[in-house]
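Structure file work-v3.tsv (TSV, N, CA and C atoms) follows.
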chain	number	residue	atom	x	y	z
A	20	MET	N	7.62	21.60	43.98
A	20	MET	CA	7.98	21.10	42.67
A	20	MET	C	7.31	21.99	41.61
A	21	THR	N	8.03	22.31	40.57
A	21	THR	CA	7.49	23.18	39.53
A	21	THR	C	6.88	22.37	38.40
A	22	ASN	N	5.91	22.98	37.75
A	22	ASN	CA	5.27	22.35	36.60
A	22	ASN	C	5.80	23.01	35.34
A	23	PRO	N	6.58	22.28	34.50
A	23	PRO	CA	7.17	22.91	33.32
A	23	PRO	C	6.13	23.45	32.34
A	24	ALA	N	4.94	22.88	32.32
A	24	ALA	CA	3.92	23.33	31.37
A	24	ALA	C	3.38	24.71	31.73
A	25	THR	N	3.33	25.04	33.02
A	25	THR	CA	2.78	26.33	33.42
A	25	THR	C	3.87	27.34	33.81
A	26	ASP	N	5.07	26.87	34.11
A	26	ASP	CA	6.13	27.77	34.54
A	26	ASP	C	6.98	28.30	33.39
A	27	PHE	N	6.81	27.75	32.21
A	27	PHE	CA	7.61	28.20	31.07
A	27	PHE	C	7.14	29.58	30.64
A	28	PRO	N	8.04	30.49	30.26
A	28	PRO	CA	7.63	31.87	29.97
A	28	PRO	C	6.84	32.05	28.67
A	29	VAL	N	6.75	31.04	27.84
A	29	VAL	CA	5.98	31.13	26.59
A	29	VAL	C	4.87	30.10	26.64
A	30	ARG	N	3.63	30.57	26.41
A	30	ARG	CA	2.48	29.66	26.43
A	30	ARG	C	1.67	29.85	25.15
A	31	VAL	N	1.19	28.74	24.61
A	31	VAL	CA	0.29	28.78	23.46
A	31	VAL	C	-1.02	28.18	23.91
A	32	HIS	N	-2.09	28.94	23.72
A	32	HIS	CA	-3.41	28.49	24.15
A	32	HIS	C	-4.34	28.49	22.95
A	33	CYS	N	-5.03	27.38	22.76
A	33	CYS	CA	-5.98	27.28	21.65
A	33	CYS	C	-7.21	26.53	22.14
A	34	ASP	N	-8.36	27.23	22.15
A	34	ASP	CA	-9.59	26.58	22.55
A	34	ASP	C	-10.09	25.67	21.43
A	35	ARG	N	-10.48	24.47	21.80
A	35	ARG	CA	-11.05	23.55	20.82
A	35	ARG	C	-12.49	23.96	20.55
A	36	PRO	N	-12.81	24.28	19.27
A	36	PRO	CA	-14.18	24.71	18.99
A	36	PRO	C	-15.16	23.55	19.14
A	37	GLU	N	-16.38	23.87	19.58
A	37	GLU	CA	-17.40	22.83	19.70
A	37	GLU	C	-17.77	22.27	18.34
A	38	ARG	N	-17.89	23.15	17.37
A	38	ARG	CA	-18.19	22.73	16.00
A	38	ARG	C	-17.28	23.48	15.05
A	39	SER	N	-16.87	22.80	13.99
A	39	SER	CA	-16.05	23.43	12.96
A	39	SER	C	-16.88	23.62	11.70
A	40	SER	N	-16.50	24.59	10.91
A	40	SER	CA	-17.20	24.89	9.68
A	40	SER	C	-16.89	23.83	8.63
A	41	ARG	N	-17.89	23.05	8.23
A	41	ARG	CA	-17.67	22.02	7.22
A	41	ARG	C	-17.30	22.59	5.85
A	42	PRO	N	-17.96	23.68	5.40
A	42	PRO	CA	-17.53	24.25	4.11
A	42	PRO	C	-16.08	24.72	4.13
A	43	LEU	N	-15.64	25.27	5.26
A	43	LEU	CA	-14.26	25.72	5.37
A	43	LEU	C	-13.29	24.53	5.32
A	44	VAL	N	-13.67	23.43	5.96
A	44	VAL	CA	-12.85	22.22	5.91
A	44	VAL	C	-12.81	21.68	4.48
A	45	LEU	N	-13.93	21.71	3.79
A	45	LEU	CA	-13.99	21.22	2.42
A	45	LEU	C	-13.07	22.04	1.51
A	46	THR	N	-13.06	23.34	1.69
A	46	THR	CA	-12.18	24.18	0.86
A	46	THR	C	-10.72	23.90	1.16
A	47	GLY	N	-10.41	23.53	2.38
A	47	GLY	CA	-9.03	23.21	2.73
A	47	GLY	C	-8.60	21.86	2.20
A	48	VAL	N	-9.52	20.89	2.23
A	48	VAL	CA	-9.19	19.53	1.82
A	48	VAL	C	-9.14	19.38	0.31
A	49	LEU	N	-10.16	19.84	-0.37
A	49	LEU	CA	-10.27	19.58	-1.80
A	49	LEU	C	-9.59	20.62	-2.68
A	50	LEU	N	-9.73	21.86	-2.35
A	50	LEU	CA	-9.33	22.88	-3.30
A	50	LEU	C	-8.12	23.72	-2.86
A	51	PHE	N	-7.62	23.49	-1.67
A	51	PHE	CA	-6.51	24.28	-1.13
A	51	PHE	C	-6.81	25.78	-1.14
A	52	VAL	N	-8.10	26.11	-1.05
A	52	VAL	CA	-8.52	27.51	-1.04
A	52	VAL	C	-8.01	28.21	0.21
A	53	LYS	N	-7.96	27.49	1.32
A	53	LYS	CA	-7.47	28.11	2.55
A	53	LYS	C	-6.04	28.62	2.37
A	54	ALA	N	-5.21	27.85	1.72
A	54	ALA	CA	-3.83	28.29	1.49
A	54	ALA	C	-3.80	29.51	0.58
A	55	LEU	N	-4.67	29.54	-0.40
A	55	LEU	CA	-4.74	30.71	-1.29
A	55	LEU	C	-5.24	31.94	-0.55
A	56	LEU	N	-6.21	31.75	0.35
A	56	LEU	CA	-6.72	32.87	1.13
A	56	LEU	C	-5.66	33.43	2.08
A	57	LEU	N	-4.71	32.60	2.45
A	57	LEU	CA	-3.65	33.05	3.35
A	57	LEU	C	-2.45	33.61	2.61
A	58	LEU	N	-2.48	33.62	1.30
A	58	LEU	CA	-1.34	34.10	0.52
A	58	LEU	C	-0.92	35.52	0.91
A	59	PRO	N	-1.85	36.47	1.10
A	59	PRO	CA	-1.41	37.81	1.55
A	59	PRO	C	-0.70	37.77	2.91
A	60	HIS	N	-1.18	36.92	3.81
A	60	HIS	CA	-0.52	36.77	5.12
A	60	HIS	C	0.90	36.24	4.93
A	61	PHE	N	1.04	35.22	4.10
A	61	PHE	CA	2.36	34.61	3.91
A	61	PHE	C	3.35	35.59	3.27
A	62	ILE	N	2.87	36.43	2.37
A	62	ILE	CA	3.76	37.41	1.74
A	62	ILE	C	4.23	38.43	2.78
A	63	VAL	N	3.30	38.97	3.54
A	63	VAL	CA	3.67	39.94	4.58
A	63	VAL	C	4.55	39.29	5.64
A	64	LEU	N	4.19	38.06	6.05
A	64	LEU	CA	4.98	37.38	7.07
A	64	LEU	C	6.39	37.06	6.59
A	65	TRP	N	6.57	36.82	5.31
A	65	TRP	CA	7.90	36.54	4.78
A	65	TRP	C	8.81	37.74	5.04
A	66	PHE	N	8.32	38.94	4.73
A	66	PHE	CA	9.11	40.15	4.97
A	66	PHE	C	9.27	40.41	6.47
A	67	LEU	N	8.22	40.18	7.24
A	67	LEU	CA	8.31	40.40	8.68
A	67	LEU	C	9.29	39.44	9.34
A	68	GLN	N	9.36	38.21	8.84
A	68	GLN	CA	10.30	37.26	9.43
A	68	GLN	C	11.74	37.62	9.09
A	69	ILE	N	11.97	38.17	7.91
A	69	ILE	CA	13.31	38.67	7.60
A	69	ILE	C	13.67	39.81	8.55
A	70	ALA	N	12.73	40.74	8.73
A	70	ALA	CA	12.96	41.84	9.66
A	70	ALA	C	13.13	41.31	11.08
A	71	GLY	N	12.34	40.31	11.46
A	71	GLY	CA	12.46	39.72	12.79
A	71	GLY	C	13.81	39.08	13.02
A	72	PHE	N	14.35	38.45	11.98
A	72	PHE	CA	15.68	37.86	12.10
A	72	PHE	C	16.72	38.95	12.35
A	73	VAL	N	16.62	40.05	11.60
A	73	VAL	CA	17.56	41.15	11.78
A	73	VAL	C	17.42	41.75	13.17
A	74	VAL	N	16.18	41.97	13.62
A	74	VAL	CA	15.94	42.54	14.95
A	74	VAL	C	16.49	41.61	16.02
A	75	ALA	N	16.28	40.31	15.87
A	75	ALA	CA	16.79	39.36	16.86
A	75	ALA	C	18.32	39.37	16.89
A	76	TYR	N	18.94	39.43	15.72
A	76	TYR	CA	20.40	39.44	15.66
A	76	TYR	C	20.97	40.70	16.32
A	77	VAL	N	20.38	41.84	16.00
A	77	VAL	CA	20.80	43.09	16.64
A	77	VAL	C	20.50	43.03	18.14
A	78	GLY	N	19.39	42.40	18.49
A	78	GLY	CA	19.01	42.26	19.89
A	78	GLY	C	20.03	41.49	20.71
A	79	TYR	N	20.71	40.51	20.09
A	79	TYR	CA	21.75	39.78	20.81
A	79	TYR	C	22.84	40.74	21.29
A	80	PHE	N	23.24	41.66	20.42
A	80	PHE	CA	24.29	42.60	20.79
A	80	PHE	C	23.78	43.62	21.81
A	81	VAL	N	22.53	44.03	21.68
A	81	VAL	CA	21.96	44.96	22.65
A	81	VAL	C	21.94	44.32	24.03
A	82	VAL	N	21.51	43.07	24.10
A	82	VAL	CA	21.48	42.36	25.38
A	82	VAL	C	22.89	42.13	25.91
A	83	LEU	N	23.82	41.84	25.01
A	83	LEU	CA	25.20	41.61	25.42
A	83	LEU	C	25.79	42.84	26.12
A	84	PHE	N	25.48	44.04	25.61
A	84	PHE	CA	26.07	45.26	26.16
A	84	PHE	C	25.22	45.94	27.22
A	85	THR	N	23.90	45.79	27.16
A	85	THR	CA	23.05	46.48	28.13
A	85	THR	C	22.43	45.55	29.17
A	86	GLY	N	22.35	44.28	28.87
A	86	GLY	CA	21.78	43.33	29.82
A	86	GLY	C	20.27	43.15	29.70
A	87	LYS	N	19.62	43.87	28.78
A	87	LYS	CA	18.19	43.66	28.60
A	87	LYS	C	17.78	43.99	27.17
A	88	LEU	N	16.70	43.36	26.74
A	88	LEU	CA	16.16	43.57	25.40
A	88	LEU	C	15.18	44.74	25.46
A	89	PRO	N	15.33	45.73	24.57
A	89	PRO	CA	14.39	46.85	24.58
A	89	PRO	C	12.95	46.40	24.32
A	90	GLU	N	12.02	47.11	24.95
A	90	GLU	CA	10.60	46.77	24.86
A	90	GLU	C	10.10	46.71	23.42
A	91	ARG	N	10.50	47.65	22.59
A	91	ARG	CA	10.01	47.69	21.21
A	91	ARG	C	10.52	46.50	20.39
A	92	MET	N	11.73	46.06	20.64
A	92	MET	CA	12.26	44.88	19.94
A	92	MET	C	11.48	43.64	20.37
A	93	PHE	N	11.27	43.53	21.67
A	93	PHE	CA	10.50	42.39	22.19
A	93	PHE	C	9.09	42.37	21.61
A	94	THR	N	8.43	43.52	21.61
A	94	THR	CA	7.06	43.61	21.11
A	94	THR	C	6.98	43.25	19.63
A	95	PHE	N	7.93	43.71	18.84
A	95	PHE	CA	7.94	43.38	17.42
A	95	PHE	C	8.11	41.89	17.20
A	96	MET	N	9.09	41.29	17.84
A	96	MET	CA	9.35	39.86	17.64
A	96	MET	C	8.20	39.00	18.15
A	97	ALA	N	7.62	39.37	19.29
A	97	ALA	CA	6.48	38.62	19.82
A	97	ALA	C	5.27	38.77	18.89
A	98	GLY	N	5.07	39.95	18.33
A	98	GLY	CA	3.96	40.17	17.40
A	98	GLY	C	4.09	39.35	16.14
A	99	VAL	N	5.30	39.28	15.60
A	99	VAL	CA	5.53	38.47	14.39
A	99	VAL	C	5.26	37.00	14.70
A	100	LEU	N	5.76	36.52	15.82
A	100	LEU	CA	5.56	35.11	16.19
A	100	LEU	C	4.08	34.80	16.41
A	101	GLN	N	3.35	35.70	17.05
A	101	GLN	CA	1.92	35.45	17.27
A	101	GLN	C	1.14	35.52	15.97
A	102	TRP	N	1.48	36.43	15.08
A	102	TRP	CA	0.81	36.51	13.78
A	102	TRP	C	1.01	35.20	13.01
A	103	TYR	N	2.25	34.72	13.00
A	103	TYR	CA	2.54	33.46	12.31
A	103	TYR	C	1.77	32.29	12.93
A	104	THR	N	1.68	32.28	14.26
A	104	THR	CA	0.97	31.21	14.95
A	104	THR	C	-0.53	31.25	14.66
A	105	ARG	N	-1.14	32.46	14.68
A	105	ARG	CA	-2.57	32.59	14.35
A	105	ARG	C	-2.85	32.13	12.92
A	106	THR	N	-1.95	32.49	12.00
A	106	THR	CA	-2.12	32.11	10.60
A	106	THR	C	-2.02	30.59	10.44
A	107	SER	N	-1.06	29.99	11.09
A	107	SER	CA	-0.90	28.53	11.03
A	107	SER	C	-2.09	27.82	11.66
A	108	ALA	N	-2.60	28.35	12.76
A	108	ALA	CA	-3.75	27.72	13.42
A	108	ALA	C	-4.96	27.72	12.50
A	109	TRP	N	-5.19	28.79	11.74
A	109	TRP	CA	-6.32	28.83	10.81
A	109	TRP	C	-6.08	27.87	9.65
A	110	LEU	N	-4.86	27.81	9.14
A	110	LEU	CA	-4.54	26.91	8.03
A	110	LEU	C	-4.75	25.45	8.42
A	111	PHE	N	-4.35	25.09	9.63
A	111	PHE	CA	-4.44	23.70	10.08
A	111	PHE	C	-5.79	23.34	10.69
A	112	GLY	N	-6.74	24.28	10.69
A	112	GLY	CA	-8.09	23.98	11.14
A	112	GLY	C	-8.28	24.01	12.64
A	113	LEU	N	-7.37	24.63	13.38
A	113	LEU	CA	-7.54	24.72	14.83
A	113	LEU	C	-8.55	25.79	15.22
A	114	THR	N	-8.85	26.69	14.30
A	114	THR	CA	-9.84	27.73	14.53
A	114	THR	C	-10.51	28.08	13.20
A	115	ASP	N	-11.73	28.58	13.27
A	115	ASP	CA	-12.43	29.03	12.07
A	115	ASP	C	-12.36	30.54	11.92
A	116	VAL	N	-11.68	31.22	12.84
A	116	VAL	CA	-11.58	32.67	12.81
A	116	VAL	C	-10.38	33.06	11.95
A	117	TYR	N	-10.67	33.79	10.85
A	117	TYR	CA	-9.60	34.22	9.95
A	117	TYR	C	-8.65	35.15	10.71
A	118	PRO	N	-7.34	34.94	10.59
A	118	PRO	CA	-6.40	35.73	11.38
A	118	PRO	C	-6.35	37.19	10.94
A	119	PRO	N	-6.22	38.10	11.90
A	119	PRO	CA	-6.13	39.52	11.56
A	119	PRO	C	-4.73	39.88	11.06
A	120	PHE	N	-4.64	40.93	10.26
A	120	PHE	CA	-3.35	41.48	9.86
A	120	PHE	C	-2.90	42.40	10.98
A	121	SER	N	-2.22	41.84	11.98
A	121	SER	CA	-1.90	42.63	13.15
A	121	SER	C	-0.67	42.08	13.85
A	122	LEU	N	0.17	43.01	14.30
A	122	LEU	CA	1.30	42.65	15.15
A	122	LEU	C	0.97	42.81	16.62
A	123	ALA	N	-0.30	43.09	16.93
A	123	ALA	CA	-0.72	43.28	18.31
A	123	ALA	C	-0.48	42.01	19.11
A	124	ILE	N	0.01	42.19	20.33
A	124	ILE	CA	0.34	41.05	21.18
A	124	ILE	C	-0.89	40.60	21.95
A	125	ASP	N	-1.13	39.30	21.95
A	125	ASP	CA	-2.20	38.68	22.71
A	125	ASP	C	-1.82	38.72	24.18
A	126	GLN	N	-2.70	39.24	25.01
A	126	GLN	CA	-2.42	39.35	26.44
A	126	GLN	C	-3.02	38.16	27.19
A	127	ALA	N	-2.21	37.20	27.53
A	127	ALA	CA	-2.59	36.06	28.39
A	127	ALA	C	-3.82	35.32	27.91
A	128	GLY	N	-3.86	35.00	26.62
A	128	GLY	CA	-4.94	34.18	26.10
A	128	GLY	C	-6.26	34.87	25.92
A	129	THR	N	-6.27	36.20	25.88
A	129	THR	CA	-7.54	36.92	25.75
A	129	THR	C	-7.87	37.26	24.31
A	130	GLY	N	-7.05	36.80	23.37
A	130	GLY	CA	-7.25	37.14	21.97
A	130	GLY	C	-6.35	38.30	21.60
A	131	PRO	N	-6.27	38.63	20.32
A	131	PRO	CA	-5.38	39.71	19.90
A	131	PRO	C	-5.74	41.02	20.59
A	132	ALA	N	-4.73	41.73	21.00
A	132	ALA	CA	-4.95	43.03	21.65
A	132	ALA	C	-5.56	43.99	20.65
A	133	ARG	N	-6.52	44.74	21.09
A	133	ARG	CA	-7.21	45.70	20.23
A	133	ARG	C	-6.88	47.10	20.70
A	134	SER	N	-6.56	47.96	19.77
A	134	SER	CA	-6.34	49.35	20.18
A	134	SER	C	-7.66	50.09	20.11
A	135	THR	N	-7.94	50.90	21.12
A	135	THR	CA	-9.21	51.62	21.17
A	135	THR	C	-9.00	53.09	20.96

Would you put the structure from the file into structure tokens?
Amino acid sequence: MTNPATDFPVRVHCDRPERSSRPLVLTGVLLFVKALLLLPHFIVLWFLQIAGFVVAYVGYFVVLFTGKLPERMFTFMAGVLQWYTRTSAWLFGLTDVYPPFSLAIDQAGTGPARST
């Protein structure tokens, strides 16, 4: 018997922090400073999501004719989705780590991929 939670090809992993930053929570609750701090992310993500929509739409035709999605298209769309997810996690208080400006793909829950 298969387990749908572990057999699904997309997984989201978020470690629950032992302690959260109280000043960071206060800025989110009272002053909406967290949303203001994420404004540059939201601006960049707005353009990236438009590009992601175009790439996905073109990708449908590529898959229709070739039978597979090119690696670069997959990497771009996965990077946009992970960036958006990291940004949302910080906004909603799931992590105290400010999200990086990066399309790097997280490899199996090890954190954002770093180029060396």

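Shortest atom-to-atom contact with Gln68 in chain A among A:Leu100, A:Ala123, A:Val52, A:Val31: A:Leu100, counting all atoms listed in the file.
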
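Between Pro36 in chain A and the residues A:Val82, A:Asp115, A:Ala75, A:Arg105, the shortest atom-to-atom distance, using only N, CA and C atoms, involves A:Asp115.
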
* To do: Considering all atoms listed in the file, state which residue in the set A:Pro42, A:Gly112, A:Gly86, A:Gly98 is at the smallest distance from Ile124 in chain A.
  => A:Gly98

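When only C-alpha atoms are used to measure the gap to Thr46 in chain A, the shortest distance among A:Leu110, A:Phe72, A:Pro118, A:Thr94 belongs to A:Leu110.
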
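Atom C of Thr114 in chain A sits 9.3 Å away from atom N of Arg35 in chain A.
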
* Give the helix (DSSP H, G or I) residues of chain A, as assigned by DSSP on the backbone, as a VMD selection string. => chain A and resid 23 to 26 41 to 50 52 to 56 58 to 85 90 to 110

* Structure fact -> Expressed in Å, the length from CA of Val99 in chain A to atom C of Leu83 in chain A is 23.8 Å

* **Selection: 9 Å around Gly78 in chain A, only C-alpha atoms, excl. self and same-chain fewer than 2 positions, as a ChimeraX atom specification** => /A:73-76,80-83,87-89,92-93

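Between CA of Ser39 in chain A and CA of Ile62 in chain A there is a distance of 26.7 Å.
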
* To do: Using only C-alpha atoms, determine which residues lie at most 9 Å from Phe120 in chain A, disregarding the query and same-chain residues fewer than 4 positions distant; provide the list as a PyMOL selection string.
  => chain A and resi 60+63+102
